[in-house]
Amino acid sequence: MPDAGQHYSAGQYSARLIAALIACGVTDLVVCPGSRSQALALAAAAQERAGRIRLHVRIDERSAAFFALGLARETGVPAPVVVTSGTAVANLVPAVLEAHHSDVPMLLLTADRPAELQGVRANQTTDQATLFSGIVRAARTIEADALTRPDHDARAAFAAAIGASADHVTDQDADPGPVQLNVRLREPLSDADMLAEPPTLEAPRRDELPEIAVAPKPGTVVLAGADALRDGQDPNLLAQRLSVPLIAEPSSGARLGRECVSVQLLETELAAEVRRVIVFGHPTLSRSTARLLATADEVLVAARAGENLPGTPLRGRLTAASTETDRSWLGRWVVSDRKAREAAEEPLSIEGLNRRELAKEGLRQARRPVDRETLVRSVWEHTWPHDRLVLGASRLIRVLDRTVTGKAITVHSNRGLAGIDGTIATGLGVAAALDRSARGGVTRILVGDITALHDAASLLVNPAEQRPRVQIVIGDDGGGTIFDDLEVRQSADEADFTRVLTTPVRADFKGLAEAYGWAHVLVTDRAGLERALTEKSTCVIEVRLHEEPSGD
Ligand SMILES: Cc1ncc(C[n+]2csc(CCOP(=O)(O)OP(=O)(O)O)c2C)c(N)n1
């Protein structure tokens, strides 16, 4: 039934709004407890009982929003987040900012008090209608007197979140992103029956981008940053057809294939020969790619609408105008790449060892401590296309970028703003979506110790909630060692630097994990790491990191 134009009670409107979101394509809802939002929450619960959605309940709104971000990263569909009024809404801001900068669809259903209670110091009431100003694709307040068009309101909000226009004419200049529907609700706040039938409506969708043909040109490199495959972009195919090297960050989705070479080659003389860079996604990880973008004669950007890199935006799906048959340019990069990798391989001499010595050597290797490279390599090797990897914004993602070869696995990372916050929650959202897809894979969240502690509250999963299949792998190196790379490290007072930047903590990860009901595995050597990753059981894996690659 389409909107009848009548005025609905808080309960009726909320039930219809949730039903209409389901009709638009919503499959998951995230709910935080609260009084003003009770109707939206109960409507979501009723829809789950009816088998139409999966409901996820989180107590901490900050975690809830990052969890929804993870769900949407994996599915491409916004998972509405229901919260009550007041500070609850403000807790959504970090994830909203990340969604805004990384173009991930997000839908905030914020319950508010009616106009007569605004600005009179009523309990739990603030100006939450403008709280997200400048960081949402759309923000609408539905006044308590205007609870008349739930289908329309749901559809318009859903469309804005996925970057489509509600009238089916896709606005190709719009990116997916966060949208707020601030619903002012008057008492009675809910009804006994909160289940409504999803209406028949045409779900908003994004049209495909038109193709744009790119001609071959000497000295071209394809650069794939985070989330490079969005909107049907195919950097691998373009690099292949143009016969050019592809430098792909771990969360680009494009880190595979013969054209894929290490970012470290940008530190060699080959970089000086680059004339044109074709950019997909959002590259953020290395200084050498930033330098390349600053020095190349020409930068073409496979553009989405919002923030673009400096360069010429090409608003379409990039394809090769023709196939380049001269493969000498690519060949030089591929050969250099192979040589660099061979040189970096750890020599392992077992020649001339007898059986006993061989066994002893095996044991020695197994007992060696874990360094960052070993950790990222092992996690990468144990991850397959049906698994997911979620990387925190620590040193580990940079080490991984420099270390691992191409492989067809899906990696998520919040590179929009590269915050260390919300990484566990994002990973749990990805894992929940993966579980739902029944692919049978495991999601691994790889974080540093500070990043893990920053989001420790997201370990809280209520007993009634399903705990997704996930391994939270913590590389514990005694603080934020990413700052060791700062120039000031050499000149700053050692103790001050450690106290205000490295911030070493001595956390009891076992106690922390168990307090939240997670199994905990402590890894101190390479054999332990292999065992923990092979078992794939849901747990927190604390890996004590050894500073340098250890030869003994
Ligand atoms: C929300 C937020 N606060 C602060 C920072 C700055 N920051 C970047 S990395 C980092 C420390 C990360 O430490 P850890 O997770 O232990 O990883 P490591 O660098 O040791 O690998 C901090 C505080 C940030 N990116 N986001």
# chains A, B, ... in the order shown; residues from 1 in each chain; ligands from 1
>>> closest_atom_pairs(of="chain A", to="ligand 1", cutoff="10 Å", atoms="only C-alpha atoms and all ligand atoms", output="JSON lines")
{"residue": "A:Pro94", "atom": "CA", "partner": "ligand 1", "partner_atom_place_in_ligand_line": "1 (C)", "distance": 8.1}
{"residue": "A:Arg372", "atom": "CA", "partner": "ligand 1", "partner_atom_place_in_ligand_line": "21 (O)", "distance": 8.6}
{"residue": "A:Gly392", "atom": "CA", "partner": "ligand 1", "partner_atom_place_in_ligand_line": "15 (O)", "distance": 7.2}
{"residue": "A:Ala393", "atom": "CA", "partner": "ligand 1", "partner_atom_place_in_ligand_line": "9 (S)", "distance": 5.9}
{"residue": "A:Ser394", "atom": "CA", "partner": "ligand 1", "partner_atom_place_in_ligand_line": "17 (O)", "distance": 4.0}
{"residue": "A:Arg395", "atom": "CA", "partner": "ligand 1", "partner_atom_place_in_ligand_line": "21 (O)", "distance": 3.7}
{"residue": "A:Leu396", "atom": "CA", "partner": "ligand 1", "partner_atom_place_in_ligand_line": "21 (O)", "distance": 5.2}
{"residue": "A:Ile397", "atom": "CA", "partner": "ligand 1", "partner_atom_place_in_ligand_line": "21 (O)", "distance": 8.1}
{"residue": "A:Arg398", "atom": "CA", "partner": "ligand 1", "partner_atom_place_in_ligand_line": "21 (O)", "distance": 8.9}
{"residue": "A:Val399", "atom": "CA", "partner": "ligand 1", "partner_atom_place_in_ligand_line": "21 (O)", "distance": 9.1}
{"residue": "A:Arg415", "atom": "CA", "partner": "ligand 1", "partner_atom_place_in_ligand_line": "25 (N)", "distance": 9.8}
{"residue": "A:Leu417", "atom": "CA", "partner": "ligand 1", "partner_atom_place_in_ligand_line": "25 (N)", "distance": 7.7}
{"residue": "A:Ala418", "atom": "CA", "partner": "ligand 1", "partner_atom_place_in_ligand_line": "25 (N)", "distance": 5.5}
{"residue": "A:Gly419", "atom": "CA", "partner": "ligand 1", "partner_atom_place_in_ligand_line": "26 (N)", "distance": 3.4}
{"residue": "A:Ile420", "atom": "CA", "partner": "ligand 1", "partner_atom_place_in_ligand_line": "26 (N)", "distance": 4.1}
{"residue": "A:Asp421", "atom": "CA", "partner": "ligand 1", "partner_atom_place_in_ligand_line": "1 (C)", "distance": 4.6}
{"residue": "A:Gly422", "atom": "CA", "partner": "ligand 1", "partner_atom_place_in_ligand_line": "1 (C)", "distance": 8.2}
{"residue": "A:Thr423", "atom": "CA", "partner": "ligand 1", "partner_atom_place_in_ligand_line": "1 (C)", "distance": 9.8}
{"residue": "A:Leu446", "atom": "CA", "partner": "ligand 1", "partner_atom_place_in_ligand_line": "15 (O)", "distance": 9.5}
{"residue": "A:Val447", "atom": "CA", "partner": "ligand 1", "partner_atom_place_in_ligand_line": "15 (O)", "distance": 5.8}
{"residue": "A:Gly448", "atom": "CA", "partner": "ligand 1", "partner_atom_place_in_ligand_line": "15 (O)", "distance": 3.3}
{"residue": "A:Asp449", "atom": "CA", "partner": "ligand 1", "partner_atom_place_in_ligand_line": "16 (O)", "distance": 4.0}
{"residue": "A:Ile450", "atom": "CA", "partner": "ligand 1", "partner_atom_place_in_ligand_line": "16 (O)", "distance": 3.8}
{"residue": "A:Thr451", "atom": "CA", "partner": "ligand 1", "partner_atom_place_in_ligand_line": "15 (O)", "distance": 3.6}
{"residue": "A:Ala452", "atom": "CA", "partner": "ligand 1", "partner_atom_place_in_ligand_line": "15 (O)", "distance": 6.4}
{"residue": "A:Leu453", "atom": "CA", "partner": "ligand 1", "partner_atom_place_in_ligand_line": "15 (O)", "distance": 8.0}
{"residue": "A:His454", "atom": "CA", "partner": "ligand 1", "partner_atom_place_in_ligand_line": "1 (C)", "distance": 8.0}
{"residue": "A:Asp455", "atom": "CA", "partner": "ligand 1", "partner_atom_place_in_ligand_line": "1 (C)", "distance": 9.6}
{"residue": "A:Ile474", "atom": "CA", "partner": "ligand 1", "partner_atom_place_in_ligand_line": "15 (O)", "distance": 8.4}
{"residue": "A:Gly475", "atom": "CA", "partner": "ligand 1", "partner_atom_place_in_ligand_line": "21 (O)", "distance": 7.1}
{"residue": "A:Asp476", "atom": "CA", "partner": "ligand 1", "partner_atom_place_in_ligand_line": "16 (O)", "distance": 6.7}
{"residue": "A:Asp477", "atom": "CA", "partner": "ligand 1", "partner_atom_place_in_ligand_line": "20 (O)", "distance": 5.8}
{"residue": "A:Gly478", "atom": "CA", "partner": "ligand 1", "partner_atom_place_in_ligand_line": "16 (O)", "distance": 6.8}
{"residue": "A:Gly479", "atom": "CA", "partner": "ligand 1", "partner_atom_place_in_ligand_line": "16 (O)", "distance": 4.6}
{"residue": "A:Gly480", "atom": "CA", "partner": "ligand 1", "partner_atom_place_in_ligand_line": "13 (O)", "distance": 3.3}
{"residue": "A:Thr481", "atom": "CA", "partner": "ligand 1", "partner_atom_place_in_ligand_line": "20 (O)", "distance": 3.9}
{"residue": "A:Ile482", "atom": "CA", "partner": "ligand 1", "partner_atom_place_in_ligand_line": "19 (O)", "distance": 3.5}
{"residue": "A:Phe483", "atom": "CA", "partner": "ligand 1", "partner_atom_place_in_ligand_line": "19 (O)", "distance": 6.7}
{"residue": "A:Asp484", "atom": "CA", "partner": "ligand 1", "partner_atom_place_in_ligand_line": "19 (O)", "distance": 8.4}
{"residue": "A:Asp485", "atom": "CA", "partner": "ligand 1", "partner_atom_place_in_ligand_line": "19 (O)", "distance": 9.7}
{"residue": "A:Val500", "atom": "CA", "partner": "ligand 1", "partner_atom_place_in_ligand_line": "23 (C)", "distance": 9.6}
{"residue": "A:Leu501", "atom": "CA", "partner": "ligand 1", "partner_atom_place_in_ligand_line": "23 (C)", "distance": 7.2}
{"residue": "A:Thr502", "atom": "CA", "partner": "ligand 1", "partner_atom_place_in_ligand_line": "11 (C)", "distance": 7.2}
{"residue": "A:Thr503", "atom": "CA", "partner": "ligand 1", "partner_atom_place_in_ligand_line": "23 (C)", "distance": 8.2}
{"residue": "A:Pro504", "atom": "CA", "partner": "ligand 1", "partner_atom_place_in_ligand_line": "16 (O)", "distance": 8.3}
{"residue": "A:Val505", "atom": "CA", "partner": "ligand 1", "partner_atom_place_in_ligand_line": "16 (O)", "distance": 9.2}
{"residue": "A:Leu545", "atom": "CA", "partner": "ligand 1", "partner_atom_place_in_ligand_line": "20 (O)", "distance": 9.8}
>>> select_by_dssp(residues="segment 418-493 of chain A", states="helix (DSSP H, G or I)", output="PyMOL selection string")
chain A and resi 423-436+449-454+456-459+481-485+488-491
>>> atom_distance(atom1="atom CA of Ala139 of chain A", atom2="atom CA of Ala160 of chain A")
9.6 Å
>>> closest_atom_pairs(of="segment 419-527 of chain A", to="segment 44-58 of chain A", cutoff="12 Å", atoms="only C-alpha atoms", output="CSV")
residue,atom,partner,partner_atom,distance
A:Ala425,CA,A:Arg58,CA,10.1
A:Leu428,CA,A:His56,CA,10.9
A:Gly429,CA,A:His56,CA,9.5
A:Ala432,CA,A:His56,CA,9.2
A:Ala433,CA,A:Arg54,CA,9.9
A:Asp435,CA,A:Arg54,CA,11.5
A:Arg436,CA,A:Arg54,CA,8.9
A:Ala457,CA,A:Arg58,CA,10.4
A:Ser458,CA,A:Arg58,CA,8.6
A:Leu459,CA,A:Arg58,CA,10.3
A:Leu460,CA,A:Arg58,CA,7.9
A:Val461,CA,A:Arg58,CA,7.1
A:Asn462,CA,A:Arg58,CA,7.5
A:Pro463,CA,A:Val57,CA,10.3
A:Ala464,CA,A:Val57,CA,8.7
A:Glu465,CA,A:His56,CA,6.7
A:Gln466,CA,A:His56,CA,8.2
A:Arg467,CA,A:His56,CA,10.2
A:Pro468,CA,A:His56,CA,11.1
>>> select_by_dssp(residues="segment 299-476 of chain A", states="strand (DSSP E or B)", output="tab-separated table (two decimals) with N, CA and C atoms, in the first residue's frame")
chain	number	residue	atom	x	y	z
A	299	VAL	N	47.43	13.36	-14.50
A	299	VAL	CA	46.75	12.44	-13.58
A	299	VAL	C	45.29	12.37	-13.99
A	300	LEU	N	44.84	11.17	-14.34
A	300	LEU	CA	43.43	10.97	-14.67
A	300	LEU	C	42.78	10.26	-13.50
A	301	VAL	N	41.63	10.73	-13.08
A	301	VAL	CA	40.99	10.16	-11.90
A	301	VAL	C	39.63	9.57	-12.27
A	302	ALA	N	39.50	8.25	-12.05
A	302	ALA	CA	38.19	7.63	-12.23
A	302	ALA	C	37.32	8.19	-11.12
A	312	THR	N	42.54	15.20	-13.51
A	312	THR	CA	41.38	15.35	-14.38
A	312	THR	C	40.36	14.27	-14.07
A	313	PRO	N	39.18	14.66	-13.59
A	313	PRO	CA	38.18	13.63	-13.28
A	313	PRO	C	37.55	13.08	-14.55
A	314	LEU	N	37.43	11.77	-14.61
A	314	LEU	CA	36.73	11.14	-15.74
A	314	LEU	C	35.50	10.47	-15.14
A	317	ARG	N	33.05	4.77	-16.39
A	317	ARG	CA	33.78	3.51	-16.18
A	317	ARG	C	34.90	3.46	-17.20
A	318	LEU	N	36.13	3.40	-16.73
A	318	LEU	CA	37.26	3.54	-17.64
A	318	LEU	C	37.59	2.23	-18.35
A	319	THR	N	37.67	2.30	-19.66
A	319	THR	CA	38.06	1.13	-20.44
A	319	THR	C	39.19	1.55	-21.38
A	320	ALA	N	39.89	0.57	-21.94
A	320	ALA	CA	41.00	0.89	-22.84
A	320	ALA	C	40.45	1.15	-24.24
A	370	VAL	N	57.53	-13.72	16.36
A	370	VAL	CA	56.80	-13.17	15.22
A	370	VAL	C	57.14	-11.69	15.07
A	388	ARG	N	37.34	-12.69	4.58
A	388	ARG	CA	37.46	-11.23	4.52
A	388	ARG	C	38.57	-10.79	5.45
A	389	LEU	N	39.22	-9.71	5.06
A	389	LEU	CA	40.27	-9.14	5.89
A	389	LEU	C	39.91	-7.68	6.15
A	390	VAL	N	39.98	-7.28	7.42
A	390	VAL	CA	39.71	-5.89	7.78
A	390	VAL	C	40.97	-5.35	8.46
A	391	LEU	N	41.53	-4.31	7.89
A	391	LEU	CA	42.82	-3.81	8.38
A	391	LEU	C	42.66	-2.49	9.11
A	410	THR	N	39.16	-10.10	-0.61
A	410	THR	CA	38.48	-8.84	-0.33
A	410	THR	C	39.00	-8.27	0.99
A	411	VAL	N	39.51	-7.06	0.91
A	411	VAL	CA	40.08	-6.41	2.09
A	411	VAL	C	39.31	-5.11	2.33
A	412	HIS	N	38.90	-4.90	3.56
A	412	HIS	CA	38.26	-3.63	3.91
A	412	HIS	C	39.16	-2.86	4.86
A	413	SER	N	39.16	-1.55	4.69
A	413	SER	CA	39.89	-0.72	5.63
A	413	SER	C	39.25	0.66	5.62
A	443	THR	N	36.19	-13.87	8.89
A	443	THR	CA	36.66	-12.49	8.77
A	443	THR	C	37.79	-12.29	9.76
A	444	ARG	N	38.92	-11.76	9.29
A	444	ARG	CA	40.02	-11.47	10.22
A	444	ARG	C	40.19	-9.96	10.31
A	445	ILE	N	40.23	-9.49	11.54
A	445	ILE	CA	40.44	-8.07	11.79
A	445	ILE	C	41.87	-7.93	12.30
A	446	LEU	N	42.71	-7.26	11.55
A	446	LEU	CA	44.12	-7.15	11.93
A	446	LEU	C	44.40	-5.73	12.41
A	447	VAL	N	44.74	-5.61	13.69
A	447	VAL	CA	44.93	-4.28	14.28
A	447	VAL	C	46.16	-4.25	15.18
A	448	GLY	N	46.65	-3.03	15.43
A	448	GLY	CA	47.69	-2.84	16.43
A	448	GLY	C	47.06	-2.83	17.82
A	470	VAL	N	34.70	-14.70	13.39
A	470	VAL	CA	35.70	-13.65	13.24
A	470	VAL	C	36.92	-13.94	14.10
A	471	GLN	N	38.07	-13.55	13.60
A	471	GLN	CA	39.29	-13.60	14.42
A	471	GLN	C	39.83	-12.18	14.53
A	472	ILE	N	39.97	-11.71	15.75
A	472	ILE	CA	40.52	-10.37	15.97
A	472	ILE	C	42.00	-10.54	16.28
A	473	VAL	N	42.84	-10.21	15.31
A	473	VAL	CA	44.28	-10.46	15.46
A	473	VAL	C	44.96	-9.15	15.88
A	474	ILE	N	45.51	-9.16	17.08
A	474	ILE	CA	46.13	-7.94	17.62
A	474	ILE	C	47.65	-8.08	17.58
A	475	GLY	N	48.28	-7.22	16.81
A	475	GLY	CA	49.75	-7.21	16.78
A	475	GLY	C	50.24	-6.29	17.89
A	476	ASP	N	50.66	-6.89	19.00
A	476	ASP	CA	51.02	-6.10	20.18
A	476	ASP	C	52.51	-5.77	20.15
>>> residues_around(residues="Ala79 of chain A", least_positions_apart="4", cutoff="7 Å", atoms="only C-alpha atoms", output="JSON, numbers by chain")
{"A": [26, 28, 29, 30, 68, 71, 72, 106, 107]}
>>> decode(residues="segment 82-93 of chain A", atoms="all heavy atoms", output="mmCIF file, in the first residue's frame")
data_model
loop_
_atom_site.group_PDB
_atom_site.id
_atom_site.type_symbol
_atom_site.label_atom_id
_atom_site.label_comp_id
_atom_site.auth_asym_id
_atom_site.auth_seq_id
_atom_site.Cartn_x
_atom_site.Cartn_y
_atom_site.Cartn_z
ATOM 1 N N VAL A 82 19.266 2.791 14.379
ATOM 2 C CA VAL A 82 18.211 3.432 15.161
ATOM 3 C C VAL A 82 18.780 3.863 16.507
ATOM 4 O O VAL A 82 19.324 3.037 17.247
ATOM 5 C CB VAL A 82 17.041 2.442 15.388
ATOM 6 C CG1 VAL A 82 16.016 3.031 16.351
ATOM 7 C CG2 VAL A 82 16.394 2.066 14.062
ATOM 8 N N VAL A 83 18.673 5.163 16.813
ATOM 9 C CA VAL A 83 19.142 5.637 18.122
ATOM 10 C C VAL A 83 18.139 6.609 18.726
ATOM 11 O O VAL A 83 17.333 7.217 18.028
ATOM 12 C CB VAL A 83 20.528 6.332 18.046
ATOM 13 C CG1 VAL A 83 21.587 5.390 17.518
ATOM 14 C CG2 VAL A 83 20.474 7.602 17.217
ATOM 15 N N THR A 84 18.272 6.774 20.034
ATOM 16 C CA THR A 84 17.401 7.708 20.735
ATOM 17 C C THR A 84 17.982 9.122 20.645
ATOM 18 O O THR A 84 19.010 9.348 19.997
ATOM 19 C CB THR A 84 17.211 7.255 22.203
ATOM 20 O OG1 THR A 84 16.164 8.023 22.794
ATOM 21 C CG2 THR A 84 18.486 7.429 23.020
ATOM 22 N N SER A 85 17.337 10.077 21.305
ATOM 23 C CA SER A 85 17.755 11.479 21.181
ATOM 24 C C SER A 85 18.924 11.804 22.110
ATOM 25 O O SER A 85 19.253 11.041 23.014
ATOM 26 C CB SER A 85 16.571 12.384 21.528
ATOM 27 O OG SER A 85 16.172 12.138 22.866
ATOM 28 N N GLY A 86 19.549 12.955 21.864
ATOM 29 C CA GLY A 86 20.599 13.459 22.756
ATOM 30 C C GLY A 86 21.988 12.999 22.377
ATOM 31 O O GLY A 86 22.313 12.873 21.193
ATOM 32 N N THR A 87 22.810 12.698 23.391
ATOM 33 C CA THR A 87 24.209 12.335 23.123
ATOM 34 C C THR A 87 24.312 11.057 22.297
ATOM 35 O O THR A 87 25.318 10.826 21.625
ATOM 36 C CB THR A 87 24.999 12.142 24.435
ATOM 37 O OG1 THR A 87 24.293 11.209 25.245
ATOM 38 C CG2 THR A 87 25.169 13.446 25.187
ATOM 39 N N ALA A 88 23.273 10.235 22.349
ATOM 40 C CA ALA A 88 23.266 9.007 21.532
ATOM 41 C C ALA A 88 23.542 9.359 20.074
ATOM 42 O O ALA A 88 24.300 8.667 19.381
ATOM 43 C CB ALA A 88 21.918 8.306 21.658
ATOM 44 N N VAL A 89 22.953 10.448 19.620
ATOM 45 C CA VAL A 89 23.100 10.848 18.214
ATOM 46 C C VAL A 89 24.544 11.289 17.949
ATOM 47 O O VAL A 89 25.136 10.950 16.924
ATOM 48 C CB VAL A 89 22.107 11.985 17.868
ATOM 49 C CG1 VAL A 89 22.194 12.336 16.393
ATOM 50 C CG2 VAL A 89 20.688 11.584 18.244
ATOM 51 N N ALA A 90 25.100 12.027 18.909
ATOM 52 C CA ALA A 90 26.467 12.537 18.728
ATOM 53 C C ALA A 90 27.476 11.398 18.611
ATOM 54 O O ALA A 90 28.503 11.530 17.943
ATOM 55 C CB ALA A 90 26.835 13.450 19.888
ATOM 56 N N ASN A 91 27.170 10.273 19.244
ATOM 57 C CA ASN A 91 28.086 9.127 19.176
ATOM 58 C C ASN A 91 28.193 8.525 17.776
ATOM 59 O O ASN A 91 29.064 7.703 17.511
ATOM 60 C CB ASN A 91 27.644 8.047 20.165
ATOM 61 C CG ASN A 91 28.225 8.287 21.542
ATOM 62 O OD1 ASN A 91 29.408 8.061 21.759
ATOM 63 N ND2 ASN A 91 27.415 8.788 22.454
ATOM 64 N N LEU A 92 27.291 8.921 16.893
ATOM 65 C CA LEU A 92 27.340 8.390 15.526
ATOM 66 C C LEU A 92 28.373 9.120 14.669
ATOM 67 O O LEU A 92 28.753 8.651 13.600
ATOM 68 C CB LEU A 92 25.957 8.526 14.865
ATOM 69 C CG LEU A 92 24.772 7.886 15.599
ATOM 70 C CD1 LEU A 92 23.471 8.239 14.898
ATOM 71 C CD2 LEU A 92 24.936 6.371 15.656
ATOM 72 N N VAL A 93 28.805 10.289 15.138
ATOM 73 C CA VAL A 93 29.608 11.177 14.284
ATOM 74 C C VAL A 93 30.870 10.529 13.693
ATOM 75 O O VAL A 93 31.106 10.654 12.487
ATOM 76 C CB VAL A 93 29.945 12.496 15.027
ATOM 77 C CG1 VAL A 93 30.958 13.320 14.247
ATOM 78 C CG2 VAL A 93 28.677 13.310 15.248
#
